[in-house]
>>> print(open('input-v3.pdb').read())   # PDB, C-alpha atoms
ATOM      1  CA  MET A 300     -12.779  33.337 -16.685
ATOM      2  CA  LYS A 301     -13.642  30.090 -18.456
ATOM      3  CA  THR A 302     -14.751  27.171 -16.303
ATOM      4  CA  ARG A 303     -12.696  23.952 -16.322
ATOM      5  CA  ILE A 304     -15.551  21.933 -14.861
ATOM      6  CA  THR A 305     -17.113  20.038 -17.756
ATOM      7  CA  ASP A 306     -20.180  17.783 -17.574
ATOM      8  CA  ASP A 307     -17.806  14.803 -17.909
ATOM      9  CA  LEU A 308     -15.880  15.960 -14.844
ATOM     10  CA  LYS A 309     -19.051  16.731 -12.834
ATOM     11  CA  ALA A 310     -20.267  13.179 -13.505
ATOM     12  CA  TRP A 311     -17.461  11.938 -11.233
ATOM     13  CA  ILE A 312     -19.085  13.436  -8.124
ATOM     14  CA  GLY A 313     -20.506  10.558  -6.077
ATOM     15  CA  ARG A 314     -18.355   7.886  -7.775
ATOM     16  CA  GLU A 315     -17.106   5.145  -5.434
ATOM     17  CA  GLU A 316     -14.368   2.551  -5.544
ATOM     18  CA  THR A 317     -13.850  -0.210  -2.959
ATOM     19  CA  TYR A 318     -10.705  -2.248  -2.374
ATOM     20  CA  THR A 319     -10.182  -5.104   0.115
ATOM     21  CA  ALA A 320      -6.764  -6.166   1.345
ATOM     22  CA  PRO A 321      -5.754  -9.665   0.260
ATOM     23  CA  GLU A 322      -4.510 -10.450   3.777
ATOM     24  CA  GLU A 323      -4.401  -9.204   7.381
ATOM     25  CA  LEU A 324      -2.273  -6.152   8.119
ATOM     26  CA  GLY A 325       0.303  -8.094  10.180
ATOM     27  CA  ARG A 326       2.661  -7.046  12.945
ATOM     28  CA  ALA A 327       5.678  -6.629  10.661
ATOM     29  CA  ALA A 328       3.887  -3.985   8.566
ATOM     30  CA  ILE A 329       2.968  -2.065  11.738
ATOM     31  CA  ARG A 330       6.535  -2.214  13.069
ATOM     32  CA  TYR A 331       7.869  -1.075   9.677
ATOM     33  CA  PHE A 332       5.540   1.948   9.595
ATOM     34  CA  ALA A 333       6.540   2.940  13.155
ATOM     35  CA  LEU A 334      10.203   2.620  12.124
ATOM     36  CA  ALA A 335       9.571   4.956   9.176
ATOM     37  CA  LEU A 336       8.314   7.552  11.676
ATOM     38  CA  ARG A 337      11.330   6.950  13.971
ATOM     39  CA  ASP A 338       8.728   6.082  16.570
ATOM     40  CA  ASP A 339       9.848   3.600  19.231
ATOM     41  CA  ASN A 340       6.531   3.666  21.142
ATOM     42  CA  PRO A 341       6.272   0.050  22.427
ATOM     43  CA  VAL A 342       2.514   0.001  21.907
ATOM     44  CA  TYR A 343       3.277  -0.586  18.196
ATOM     45  CA  CYS A 344       5.801  -3.420  18.556
ATOM     46  CA  ASP A 345       6.002  -4.976  22.046
ATOM     47  CA  ALA A 346       3.084  -7.379  22.613
ATOM     48  CA  ASP A 347       3.810  -7.872  26.337
ATOM     49  CA  PHE A 348       3.851  -4.111  26.892
ATOM     50  CA  ALA A 349       0.755  -3.513  24.731
ATOM     51  CA  LYS A 350      -1.210  -6.154  26.679
ATOM     52  CA  ARG A 351      -0.912  -4.015  29.809
ATOM     53  CA  THR A 352      -2.317  -0.907  28.086
ATOM     54  CA  ALA A 353      -5.940   0.083  27.447
ATOM     55  CA  HIS A 354      -5.533  -1.300  23.913
ATOM     56  CA  GLY A 355      -4.842  -4.867  25.109
ATOM     57  CA  ASP A 356      -2.626  -5.699  22.127
ATOM     58  CA  ILE A 357      -0.311  -4.152  19.567
ATOM     59  CA  ILE A 358      -2.013  -1.376  17.612
ATOM     60  CA  ALA A 359      -0.989   0.456  14.440
ATOM     61  CA  PRO A 360      -0.012   4.136  14.467
ATOM     62  CA  PRO A 361      -3.374   5.820  13.765
ATOM     63  CA  THR A 362      -2.756   7.110  10.222
ATOM     64  CA  PHE A 363      -1.329   3.813   8.973
ATOM     65  CA  VAL A 364      -4.769   2.564   7.917
ATOM     66  CA  CYS A 365      -5.042   5.581   5.591
ATOM     67  CA  GLU A 366      -2.018   4.409   3.584
ATOM     68  CA  THR A 367      -3.850   2.011   1.308
ATOM     69  CA  ASN A 368      -1.340   1.155  -1.427
ATOM     70  CA  GLN A 369      -0.728  -2.294   0.024
ATOM     71  CA  ILE A 370      -4.464  -2.958   0.199
ATOM     72  CA  ILE A 371      -5.099  -2.188  -3.418
ATOM     73  CA  ASN A 372      -3.012  -5.045  -4.848
ATOM     74  CA  GLN A 373      -2.470  -3.847  -8.398
ATOM     75  CA  PRO A 374       0.684  -3.653 -10.563
ATOM     76  CA  LEU A 375       3.082  -0.702 -10.596
ATOM     77  CA  ASP A 376       2.407   1.922 -13.266
ATOM     78  CA  GLU A 377       5.222   3.425 -15.360
ATOM     79  CA  ASN A 378       6.176   5.781 -12.514
ATOM     80  CA  GLY A 379       6.132   3.138  -9.810
ATOM     81  CA  TYR A 380       2.711   4.024  -8.372
ATOM     82  CA  ILE A 381       0.362   1.214  -7.295
ATOM     83  CA  GLY A 382      -2.294   3.068  -5.320
ATOM     84  CA  HIS A 383      -5.795   4.369  -5.890
ATOM     85  CA  HIS A 384      -6.349   7.270  -8.224
ATOM     86  CA  TRP A 385      -9.316   8.760  -9.995
ATOM     87  CA  PRO A 386      -8.747   8.850 -13.788
ATOM     88  CA  LEU A 387     -10.436  12.243 -14.034
ATOM     89  CA  PRO A 388     -10.928  13.914 -17.427
ATOM     90  CA  LEU A 389      -8.377  16.693 -16.787
ATOM     91  CA  SER A 390      -5.522  17.943 -18.948
ATOM     92  CA  SER A 391      -2.982  16.995 -16.284
ATOM     93  CA  SER A 392      -3.076  14.366 -13.565
ATOM     94  CA  ARG A 393      -0.629  16.325 -11.405
ATOM     95  CA  PHE A 394      -2.029  17.606  -8.157
ATOM     96  CA  ILE A 395      -0.924  18.941  -4.831
ATOM     97  CA  ARG A 396      -2.463  18.012  -1.510
ATOM     98  CA  GLY A 397      -4.768  20.653  -0.074
ATOM     99  CA  GLY A 398      -5.271  19.017   3.294
ATOM    100  CA  ASN A 399      -6.595  16.063   5.243
ATOM    101  CA  GLU A 400      -9.153  15.487   7.967
ATOM    102  CA  TYR A 401      -8.704  12.164   9.697
ATOM    103  CA  GLU A 402     -11.121  10.620  12.188
ATOM    104  CA  PHE A 403     -10.128   7.429  13.993
ATOM    105  CA  PHE A 404     -12.894   5.308  15.514
ATOM    106  CA  GLN A 405     -10.913   2.388  16.911
ATOM    107  CA  PRO A 406      -7.285   1.276  16.833
ATOM    108  CA  VAL A 407      -6.257  -0.929  13.929
ATOM    109  CA  ARG A 408      -4.749  -4.291  14.844
ATOM    110  CA  ALA A 409      -2.433  -6.736  13.113
ATOM    111  CA  SER A 410      -5.324  -9.180  12.631
ATOM    112  CA  ASP A 411      -7.466  -6.618  10.780
ATOM    113  CA  ARG A 412      -8.189  -7.199   7.100
ATOM    114  CA  VAL A 413      -8.966  -3.714   5.880
ATOM    115  CA  SER A 414     -11.377  -2.600   3.167
ATOM    116  CA  VAL A 415     -11.449   0.959   1.911
ATOM    117  CA  THR A 416     -14.190   2.720  -0.022
ATOM    118  CA  TRP A 417     -13.200   5.914  -1.780
ATOM    119  CA  LYS A 418     -15.888   8.375  -2.835
ATOM    120  CA  ILE A 419     -15.736  11.753  -4.561
ATOM    121  CA  LEU A 420     -17.774  14.174  -2.443
ATOM    122  CA  ASP A 421     -17.291  17.362  -4.453
ATOM    123  CA  ILE A 422     -15.459  18.957  -7.357
ATOM    124  CA  HIS A 423     -15.205  22.725  -7.511
ATOM    125  CA  GLU A 424     -12.863  25.334  -8.944
ATOM    126  CA  ARG A 425     -11.237  28.570  -7.918
ATOM    127  CA  HIS A 426      -9.869  31.187 -10.292
ATOM    128  CA  THR A 427      -6.480  32.578  -9.268
ATOM    129  CA  ARG A 428      -4.338  35.256 -10.904
ATOM    130  CA  LYS A 429      -1.080  33.460 -10.303
ATOM    131  CA  LEU A 430      -1.921  29.837 -11.065
ATOM    132  CA  GLY A 431      -5.011  30.081 -13.288
ATOM    133  CA  THR A 432      -8.106  27.997 -12.592
ATOM    134  CA  LEU A 433      -7.525  25.372  -9.920
ATOM    135  CA  ILE A 434      -9.752  22.318  -9.580
ATOM    136  CA  PHE A 435     -10.422  21.087  -6.036
ATOM    137  CA  VAL A 436     -11.397  17.426  -5.721
ATOM    138  CA  VAL A 437     -12.739  16.479  -2.286
ATOM    139  CA  SER A 438     -12.672  12.735  -1.595
ATOM    140  CA  GLU A 439     -13.615  10.608   1.375
ATOM    141  CA  ALA A 440     -12.157   7.219   2.241
ATOM    142  CA  ARG A 441     -13.889   4.990   4.788
ATOM    143  CA  TYR A 442     -11.938   2.107   6.251
ATOM    144  CA  ILE A 443     -13.566  -0.962   7.811
ATOM    145  CA  ASN A 444     -12.224  -4.303   9.020
ATOM    146  CA  GLN A 445     -13.416  -7.871   8.344
ATOM    147  CA  ASP A 446     -16.150  -7.472  11.003
ATOM    148  CA  LYS A 447     -17.430  -4.303   9.251
ATOM    149  CA  ASN A 448     -16.282  -2.152  12.190
ATOM    150  CA  LEU A 449     -15.568   1.403  11.099
ATOM    151  CA  LEU A 450     -11.871   2.089  11.709
ATOM    152  CA  ALA A 451     -11.321   5.530  10.220
ATOM    153  CA  ILE A 452     -12.505   8.174   7.782
ATOM    154  CA  ASN A 453     -10.113  10.337   5.792
ATOM    155  CA  ARG A 454     -11.398  13.360   3.898
ATOM    156  CA  GLU A 455      -8.834  14.879   1.611
ATOM    157  CA  THR A 456      -8.679  17.672  -0.896
ATOM    158  CA  ASN A 457      -6.417  17.460  -3.922
ATOM    159  CA  ILE A 458      -5.782  20.520  -6.067
ATOM    160  CA  TYR A 459      -5.229  20.137  -9.822
ATOM    161  CA  SER A 460      -3.534  23.013 -11.625
ATOM    162  CA  PRO A 461      -4.098  23.651 -15.392
TER
ATOM    163  CA  MET O 487      15.987  11.474   9.663
ATOM    164  CA  THR O 488      18.500   9.758  11.860
ATOM    165  CA  LEU O 489      17.964   9.672  15.593
ATOM    166  CA  ALA O 490      20.677  12.280  15.926
ATOM    167  CA  GLN O 491      18.758  14.504  13.535
ATOM    168  CA  ALA O 492      15.474  14.050  15.400
ATOM    169  CA  LYS O 493      16.465  16.142  18.389
ATOM    170  CA  HIS O 494      14.227  17.566  21.044
ATOM    171  CA  THR O 495      14.624  21.276  21.455
ATOM    172  CA  ASP O 496      12.064  21.847  24.184
ATOM    173  CA  ASP O 497      11.530  18.984  26.595
ATOM    174  CA  ALA O 498       8.401  20.117  28.422
ATOM    175  CA  PRO O 499       7.517  17.093  30.554
ATOM    176  CA  LEU O 500       3.858  16.217  29.955
ATOM    177  CA  GLY O 501       2.028  19.450  30.704
ATOM    178  CA  ASP O 502       0.192  21.317  28.025
ATOM    179  CA  THR O 503       2.923  21.429  25.415
ATOM    180  CA  LEU O 504       3.958  18.926  22.797
ATOM    181  CA  PRO O 505       7.765  18.781  22.926
ATOM    182  CA  THR O 506       9.061  20.772  19.974
ATOM    183  CA  GLU O 507      10.907  18.471  17.616
ATOM    184  CA  GLU O 508      13.132  19.197  14.647
ATOM    185  CA  ILE O 509      13.181  16.485  12.010
ATOM    186  CA  THR O 510      15.434  16.519   8.966
ATOM    187  CA  LEU O 511      13.829  14.499   6.193
ATOM    188  CA  ASP O 512      16.750  13.102   4.225
ATOM    189  CA  LEU O 513      16.471  10.739   1.260
ATOM    190  CA  THR O 514      16.710   7.679   3.518
ATOM    191  CA  SER O 515      13.704   8.916   5.541
ATOM    192  CA  LEU O 516      11.665   9.446   2.369
ATOM    193  CA  ILE O 517      12.560   6.022   1.011
ATOM    194  CA  VAL O 518      11.810   4.184   4.262
ATOM    195  CA  TYR O 519       8.405   5.894   4.562
ATOM    196  CA  ALA O 520       7.644   5.250   0.872
ATOM    197  CA  ALA O 521       8.576   1.579   1.233
ATOM    198  CA  ALA O 522       6.623   1.118   4.485
ATOM    199  CA  THR O 523       3.532   2.475   2.719
ATOM    200  CA  TRP O 524       4.144   0.694  -0.610
ATOM    201  CA  ASP O 525       4.442   4.071  -2.320
ATOM    202  CA  PHE O 526       7.039   3.434  -4.993
ATOM    203  CA  HIS O 527       6.307   6.590  -6.999
ATOM    204  CA  ARG O 528       9.436   8.234  -8.444
ATOM    205  CA  TYR O 529       8.333  11.524  -6.844
ATOM    206  CA  HIS O 530       9.926  10.438  -3.596
ATOM    207  CA  TYR O 531      13.421   9.341  -4.715
ATOM    208  CA  ASP O 532      14.190   9.940  -8.426
ATOM    209  CA  VAL O 533      16.035  13.268  -8.792
ATOM    210  CA  THR O 534      16.206  13.147 -12.622
ATOM    211  CA  PHE O 535      12.474  12.372 -12.884
ATOM    212  CA  VAL O 536      11.314  15.204 -10.618
ATOM    213  CA  LYS O 537      13.679  17.747 -12.240
ATOM    214  CA  LYS O 538      12.158  16.890 -15.632
ATOM    215  CA  LEU O 539       8.786  17.826 -14.111
ATOM    216  CA  GLY O 540      10.226  21.185 -13.073
ATOM    217  CA  LEU O 541      10.381  20.340  -9.375
ATOM    218  CA  PRO O 542      13.501  21.151  -7.342
ATOM    219  CA  ALA O 543      13.945  17.760  -5.665
ATOM    220  CA  PRO O 544      12.147  14.595  -4.507
ATOM    221  CA  PHE O 545       9.402  15.502  -2.078
ATOM    222  CA  VAL O 546       7.790  14.185   1.081
ATOM    223  CA  ASP O 547       4.405  12.453   0.876
ATOM    224  CA  GLY O 548       1.999  14.927   2.502
ATOM    225  CA  GLN O 549       0.477  12.118   4.557
ATOM    226  CA  MET O 550       3.883  11.614   6.216
ATOM    227  CA  ILE O 551       3.520  15.036   7.851
ATOM    228  CA  GLY O 552       0.156  13.989   9.301
ATOM    229  CA  ALA O 553       1.643  10.646  10.359
ATOM    230  CA  LEU O 554       4.519  12.368  12.186
ATOM    231  CA  MET O 555       2.208  14.771  14.021
ATOM    232  CA  THR O 556      -0.097  11.918  15.042
ATOM    233  CA  SER O 557       2.848   9.783  16.179
ATOM    234  CA  ARG O 558       4.155  12.573  18.408
ATOM    235  CA  LEU O 559       0.684  13.168  19.885
ATOM    236  CA  MET O 560       0.428   9.459  20.738
ATOM    237  CA  ARG O 561       3.838   9.657  22.417
ATOM    238  CA  TRP O 562       2.719  12.713  24.413
ATOM    239  CA  GLY O 563      -0.515  11.020  25.516
ATOM    240  CA  GLY O 564       1.140   7.867  26.868
ATOM    241  CA  PRO O 565       0.474   4.177  26.235
ATOM    242  CA  ASP O 566      -3.328   4.300  26.775
ATOM    243  CA  ALA O 567      -3.893   7.290  24.506
ATOM    244  CA  PHE O 568      -5.532   7.245  21.103
ATOM    245  CA  VAL O 569      -5.802  10.112  18.619
ATOM    246  CA  ARG O 570      -9.432  10.603  17.615
ATOM    247  CA  LYS O 571      -9.157  13.395  15.060
ATOM    248  CA  ILE O 572      -6.564  15.436  13.264
ATOM    249  CA  GLY O 573      -7.171  17.884  10.443
ATOM    250  CA  TYR O 574      -5.014  20.414   8.653
ATOM    251  CA  ARG O 575      -4.538  22.350   5.454
ATOM    252  CA  GLN O 576      -1.308  21.814   3.603
ATOM    253  CA  ARG O 577       0.540  25.017   2.758
ATOM    254  CA  ALA O 578       3.948  23.991   1.427
ATOM    255  CA  THR O 579       5.620  20.938  -0.068
ATOM    256  CA  VAL O 580       8.575  19.592   1.910
ATOM    257  CA  TYR O 581      11.556  18.575  -0.230
ATOM    258  CA  VAL O 582      14.302  16.107   0.559
ATOM    259  CA  ASP O 583      16.869  17.289   3.143
ATOM    260  CA  GLU O 584      14.598  20.027   4.490
ATOM    261  CA  THR O 585      14.114  20.275   8.243
ATOM    262  CA  ILE O 586      10.649  20.576   9.736
ATOM    263  CA  VAL O 587       9.785  21.695  13.251
ATOM    264  CA  ILE O 588       6.703  20.167  14.888
ATOM    265  CA  SER O 589       5.176  21.858  17.922
ATOM    266  CA  GLY O 590       1.832  22.119  19.621
ATOM    267  CA  ASN O 591      -0.090  23.050  22.702
ATOM    268  CA  VAL O 592      -3.279  22.016  24.457
ATOM    269  CA  THR O 593      -6.147  24.433  23.917
ATOM    270  CA  ALA O 594      -8.852  22.533  25.821
ATOM    271  CA  ARG O 595      -9.327  19.590  28.130
ATOM    272  CA  THR O 596     -12.742  17.936  28.073
ATOM    273  CA  VAL O 597     -14.533  14.736  29.046
ATOM    274  CA  GLU O 598     -16.407  13.016  26.221
ATOM    275  CA  ASN O 599     -18.435   9.843  26.893
ATOM    276  CA  GLY O 600     -16.592   9.405  30.184
ATOM    277  CA  ARG O 601     -13.168   9.678  28.511
ATOM    278  CA  ARG O 602     -10.630  12.435  29.187
ATOM    279  CA  CYS O 603      -9.670  14.256  25.992
ATOM    280  CA  ALA O 604      -7.218  16.992  25.063
ATOM    281  CA  THR O 605      -7.545  19.293  22.066
ATOM    282  CA  PHE O 606      -4.356  20.539  20.443
ATOM    283  CA  ASN O 607      -3.321  23.240  18.041
ATOM    284  CA  LEU O 608      -0.314  22.027  16.092
ATOM    285  CA  SER O 609       2.209  23.712  13.889
ATOM    286  CA  VAL O 610       4.687  22.376  11.348
ATOM    287  CA  VAL O 611       7.136  24.868   9.871
ATOM    288  CA  LYS O 612      10.336  24.645   7.863
ATOM    289  CA  ALA O 613      13.617  25.834   9.368
ATOM    290  CA  ASP O 614      13.121  29.248   7.700
ATOM    291  CA  GLY O 615       9.661  29.603   9.282
ATOM    292  CA  THR O 616       7.602  28.708   6.178
ATOM    293  CA  ALA O 617       4.345  27.075   7.285
ATOM    294  CA  VAL O 618       3.988  23.488   6.067
ATOM    295  CA  VAL O 619       0.470  23.123   7.482
ATOM    296  CA  CYS O 620      -2.081  25.548   8.881
ATOM    297  CA  ASP O 621      -5.309  25.314  10.853
ATOM    298  CA  CYS O 622      -4.118  22.049  12.390
ATOM    299  CA  VAL O 623      -6.361  20.857  15.210
ATOM    300  CA  ALA O 624      -6.294  17.422  16.854
ATOM    301  CA  THR O 625      -8.183  15.619  19.600
ATOM    302  CA  ILE O 626      -6.557  12.887  21.640
ATOM    303  CA  GLU O 627      -8.324  10.566  24.065
ATOM    304  CA  LEU O 628      -6.290   9.916  27.205
ATOM    305  CA  GLY O 629      -8.297   7.382  29.187
ATOM    306  CA  PRO O 630     -11.275   7.036  31.541
ATOM    307  CA  GLU O 631     -12.378   9.965  33.681
TER
END
>>> encode(input="input-v3.pdb", output="structure tokens")
Amino acid sequence: MKTRITDDLKAWIGREETYTAPEELGRAAIRYFALALRDDNPVYCDADFAKRTAHGDIIAPPTFVCETNQIINQPLDENGYIGHHWPLPLSSSRFIRGGNEYEFFQPVRASDRVSVTWKILDIHERHTRKLGTLIFVVSEARYINQDKNLLAINRETNIYSP
Amino acid sequence: MTLAQAKHTDDAPLGDTLPTEEITLDLTSLIVYAAATWDFHRYHYDVTFVKKLGLPAPFVDGQMIGALMTSRLMRWGGPDAFVRKIGYRQRATVYVDETIVISGNVTARTVENGRRCATFNLSVVKADGTAVVCDCVATIELGPE
């Protein structure tokens, strides 16, 4: 079966993109994210309660830092999307998520100003009878705060169909 | 996902089981999550747009599934807990108004760097049993030894 991995596509392996939030995360954003998860855990919204925990202050639900659209600060595209994407040389930009591996190194706080660096670790393909040749793009995002403390790493695989 | 829809079906107090939870992801749930994460893509609310793409309905951001699992682990672990790792492969897209069932159980308890940790296997399935994720393993730190 014919490969879909061209030299142009291979050249994207190792590419990086860094974005820094224009402001601190803020307590309201943390409370909003917890609300979206129907999560009333007071560690995300009650400062007096959070002070008495091991965290010492309000923290964000762990995966919140991996939702970087608000960090990226760019205009909406024609479909409403404002987040990071790799403009890969593929016939279609549609993909499905193959999976995520999150590692959290320290809780994220309202005062954190987050930077994220995305990197493409690997691009490979798999031939399938049903769906044709699928392209797997493995990316890593590393999140740090204003003090350069590592907050989290998110490795994700996106699968592009023909 | 109203509170009434997020009902506990198996209230194992603490112990080695994550309380099984059914969550119906209605359009309001998708929109609130999309807005809270600044994800305004039509995928998550525009029925006409997604049908033109050949999809049956607006769909749930895959990261929301990870966020829900992590949230429920944090709730299980108590106020001093912190999830250190969670990884999974995504098997099925969840569409608006589908119900997912989150469950999990502890497979190991360890001490790492003087901190008590629990390792979980987690499962997310649709109401008809279709797996939404597979190979889902998480580690949560619970506090000092």
>>> residues_near_point(input="input-v3.pdb", point="(-9.0, 15.1, 21.9)", cutoff="10 Å", atoms="only C-alpha atoms", output="list of chain:residue names")
O:Ala567, O:Phe568, O:Val569, O:Arg570, O:Lys571, O:Ile572, O:Val592, O:Thr593, O:Ala594, O:Arg595, O:Thr596, O:Val597, O:Glu598, O:Arg601, O:Arg602, O:Cys603, O:Ala604, O:Thr605, O:Phe606, O:Val623, O:Ala624, O:Thr625, O:Ile626, O:Glu627, O:Leu628
>>> interface_residues(input="input-v3.pdb", of="chain A", to="chain O", cutoff="7 Å", atoms="only C-alpha atoms", output="list in words")
Tyr331, Phe332, Ala335, Leu336, Asp338, Asn340, Val342, Thr352, Ala353, His354, Pro360, Pro361, Thr362, Glu366, Asn368, Gln369, Asn378, Gly379, Tyr380, Arg396, Gly397, Gly398, Asn399, Glu400, Tyr401, Glu402, Phe403 and Phe404 of chain A
>>> resolve_selection(input="input-v3.pdb", expression="the PyMOL selection byres ((chain A and resi 393) around 10)", output="PyMOL selection string")
(chain A and resi 389-392+394-395+457-461) or (chain O and resi 539)
>>> atom_distance(input="input-v3.pdb", atom1="atom CA of A:Lys429", atom2="atom CA of O:Thr616")
19.2 Å
>>> resolve_selection(input="input-v3.pdb", expression="the PyMOL selection byres ((chain A and resi 415) around 6)", output="PyMOL selection string")
chain A and resi 317-318+414+416+441-442
>>> atom_distance(input="input-v3.pdb", atom1="atom CA of A:Asn448", atom2="atom CA of A:Asp339")
27.7 Å
>>> atom_distance(input="input-v3.pdb", atom1="atom CA of A:Ala359", atom2="atom CA of A:Arg314")
29.2 Å
>>> build_atoms(input="input-v3.pdb", residues="stretch 347-354 of chain A", atoms="all heavy atoms", output="mmCIF file, in the frame of the given file")
data_model
loop_
_atom_site.group_PDB
_atom_site.id
_atom_site.type_symbol
_atom_site.label_atom_id
_atom_site.label_comp_id
_atom_site.auth_asym_id
_atom_site.auth_seq_id
_atom_site.Cartn_x
_atom_site.Cartn_y
_atom_site.Cartn_z
ATOM 1 N N ASP A 347 3.947 -7.769 24.879
ATOM 2 C CA ASP A 347 3.810 -7.872 26.337
ATOM 3 C C ASP A 347 3.463 -6.508 26.938
ATOM 4 O O ASP A 347 2.620 -6.398 27.824
ATOM 5 C CB ASP A 347 5.106 -8.407 26.959
ATOM 6 C CG ASP A 347 5.300 -9.880 26.618
ATOM 7 O OD1 ASP A 347 4.283 -10.554 26.340
ATOM 8 O OD2 ASP A 347 6.458 -10.332 26.597
ATOM 9 N N PHE A 348 4.134 -5.472 26.426
ATOM 10 C CA PHE A 348 3.851 -4.111 26.892
ATOM 11 C C PHE A 348 2.417 -3.719 26.509
ATOM 12 O O PHE A 348 1.647 -3.222 27.341
ATOM 13 C CB PHE A 348 4.853 -3.129 26.261
ATOM 14 C CG PHE A 348 4.602 -1.699 26.653
ATOM 15 C CD1 PHE A 348 5.217 -1.160 27.783
ATOM 16 C CD2 PHE A 348 3.744 -0.893 25.908
ATOM 17 C CE1 PHE A 348 4.970 0.162 28.154
ATOM 18 C CE2 PHE A 348 3.491 0.425 26.279
ATOM 19 C CZ PHE A 348 4.111 0.946 27.396
ATOM 20 N N ALA A 349 2.064 -3.954 25.252
ATOM 21 C CA ALA A 349 0.755 -3.513 24.731
ATOM 22 C C ALA A 349 -0.400 -4.181 25.488
ATOM 23 O O ALA A 349 -1.453 -3.571 25.689
ATOM 24 C CB ALA A 349 0.662 -3.801 23.237
ATOM 25 N N LYS A 350 -0.181 -5.436 25.921
ATOM 26 C CA LYS A 350 -1.210 -6.154 26.679
ATOM 27 C C LYS A 350 -1.608 -5.402 27.949
ATOM 28 O O LYS A 350 -2.739 -5.493 28.401
ATOM 29 C CB LYS A 350 -0.665 -7.526 27.089
ATOM 30 C CG LYS A 350 -1.264 -8.668 26.304
ATOM 31 C CD LYS A 350 -0.676 -9.996 26.774
ATOM 32 C CE LYS A 350 -0.356 -10.823 25.527
ATOM 33 N NZ LYS A 350 0.564 -11.902 25.762
ATOM 34 N N ARG A 351 -0.647 -4.717 28.548
ATOM 35 C CA ARG A 351 -0.912 -4.015 29.809
ATOM 36 C C ARG A 351 -1.512 -2.620 29.601
ATOM 37 O O ARG A 351 -1.736 -1.892 30.559
ATOM 38 C CB ARG A 351 0.394 -3.927 30.628
ATOM 39 C CG ARG A 351 0.979 -5.293 30.982
ATOM 40 C CD ARG A 351 2.069 -5.172 32.033
ATOM 41 N NE ARG A 351 3.171 -4.312 31.616
ATOM 42 C CZ ARG A 351 4.250 -4.736 30.934
ATOM 43 N NH1 ARG A 351 4.369 -6.013 30.612
ATOM 44 N NH2 ARG A 351 5.201 -3.900 30.604
ATOM 45 N N THR A 352 -1.722 -2.216 28.353
ATOM 46 C CA THR A 352 -2.317 -0.907 28.086
ATOM 47 C C THR A 352 -3.815 -1.052 27.861
ATOM 48 O O THR A 352 -4.338 -2.175 27.782
ATOM 49 C CB THR A 352 -1.703 -0.266 26.815
ATOM 50 O OG1 THR A 352 -2.149 -1.025 25.669
ATOM 51 C CG2 THR A 352 -0.188 -0.266 26.856
ATOM 52 N N ALA A 353 -4.496 0.093 27.708
ATOM 53 C CA ALA A 353 -5.940 0.083 27.447
ATOM 54 C C ALA A 353 -6.253 -0.620 26.127
ATOM 55 O O ALA A 353 -7.380 -1.086 25.927
ATOM 56 C CB ALA A 353 -6.454 1.524 27.400
ATOM 57 N N HIS A 354 -5.277 -0.716 25.238
ATOM 58 C CA HIS A 354 -5.533 -1.300 23.913
ATOM 59 C C HIS A 354 -5.532 -2.830 23.964
ATOM 60 O O HIS A 354 -6.128 -3.472 23.104
ATOM 61 C CB HIS A 354 -4.486 -0.812 22.911
ATOM 62 C CG HIS A 354 -4.359 0.683 22.894
ATOM 63 N ND1 HIS A 354 -5.415 1.498 22.568
ATOM 64 C CD2 HIS A 354 -3.321 1.507 23.189
ATOM 65 C CE1 HIS A 354 -5.025 2.768 22.665
ATOM 66 N NE2 HIS A 354 -3.763 2.801 23.048
#
